[in-house]
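Trainee: Please see the structure below; I have some questions.
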Amino acid sequence: MVWAAAAGAVDGIAFLVGVVLGFGIPTALTTSFELLSVALIALVGTPVAAAVGALVGITATVVNLGLFRLAGRVTPRRRDRP
């Protein structure tokens with residue numbers, strides 16, 4: 001579960017960095033939106049993105065394990081294998 005949370009947190013941070021680089025900086029350079037505002041959004045959003053990403057990672061792992069166990073019960077087993 002720790003690996004799922006860590007991977008989800010990294011994924012959330014990477015998503016935030018992509019959004020800031022893809023939309024925030026070009027918007028700041030072409031409109032009256034200041035670069036300091038983009039930095040503040042990134043600063044505040046990073047812990048939030050990490051927490052949400054960790055929750056998504058844990059949820060995805062729990063769903064994956066549950067479906068794996070369900071598939072093991074539903075599918076037929078060969079007689080020569082335990």
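Going through the structure tokens in order, the chains are called A, B, and so on, while each chain numbers its residues from 1 and the ligands are numbered from 1 in the order shown.
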If you count only C-alpha atoms, which residues fall within 10 Å of Phe15 (chain A), apart from same-chain ones fewer than 3 positions away, as a PDB file with C-alpha atoms, in the first residue's frame?

Mentor:
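Now in out-v3.pdb:
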```
ATOM      1  CA  ALA A   9       1.572  11.043  -5.036  1.00  0.00           C
ATOM      2  CA  VAL A  10       4.314  11.258  -7.644  1.00  0.00           C
ATOM      3  CA  ASP A  11       1.716  10.932 -10.388  1.00  0.00           C
ATOM      4  CA  GLY A  12      -0.374  13.728  -8.864  1.00  0.00           C
ATOM      5  CA  GLY A  18       2.294  19.383 -16.483  1.00  0.00           C
ATOM      6  CA  VAL A  19      -0.753  21.591 -16.042  1.00  0.00           C
ATOM      7  CA  VAL A  20       1.316  24.491 -14.709  1.00  0.00           C
ATOM      8  CA  LEU A  21       3.872  24.196 -17.506  1.00  0.00           C
ATOM      9  CA  THR A  46       1.667  20.460  -4.868  1.00  0.00           C
ATOM     10  CA  ALA A  49      -2.001  16.996  -5.715  1.00  0.00           C
ATOM     11  CA  ALA A  50       0.224  14.629  -3.741  1.00  0.00           C
ATOM     12  CA  GLY A  53      -2.760  11.230  -5.999  1.00  0.00           C
TER      13      GLY A  53
END
```

Trainee: Using only C-alpha atoms, which protein or nucleic acid residues come within 12 Å of Phe23 (chain A)? Drop anything in the same chain fewer than 4 positions from it, and give the result as an NGL selection string.

Mentor: :A and (15-19 or 27-31 or 33 or 35 or 38 or 41-42)

Trainee: Give me the residues near region 54-69 of chain A as a ChimeraX atom specification, where near means some atom within 7 Å (using only C-alpha atoms) and where sequence neighbours in that chain fewer than 4 positions away do not count.

Mentor: /A:1,4-9,50,73

Trainee: Write out as a PyMOL selection string all residues of chain A that backbone DSSP assigns to helix (DSSP H, G or I).

Mentor: chain A and resi 2-30+35-74

Trainee: When you draw a straight line from CA of Ile13 (chain A) to CA of Ser32 (chain A), how long is it in Å?

Mentor: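 Taking CA of Ile13 (chain A) and CA of Ser32 (chain A), their separation equals 25.9 Å.
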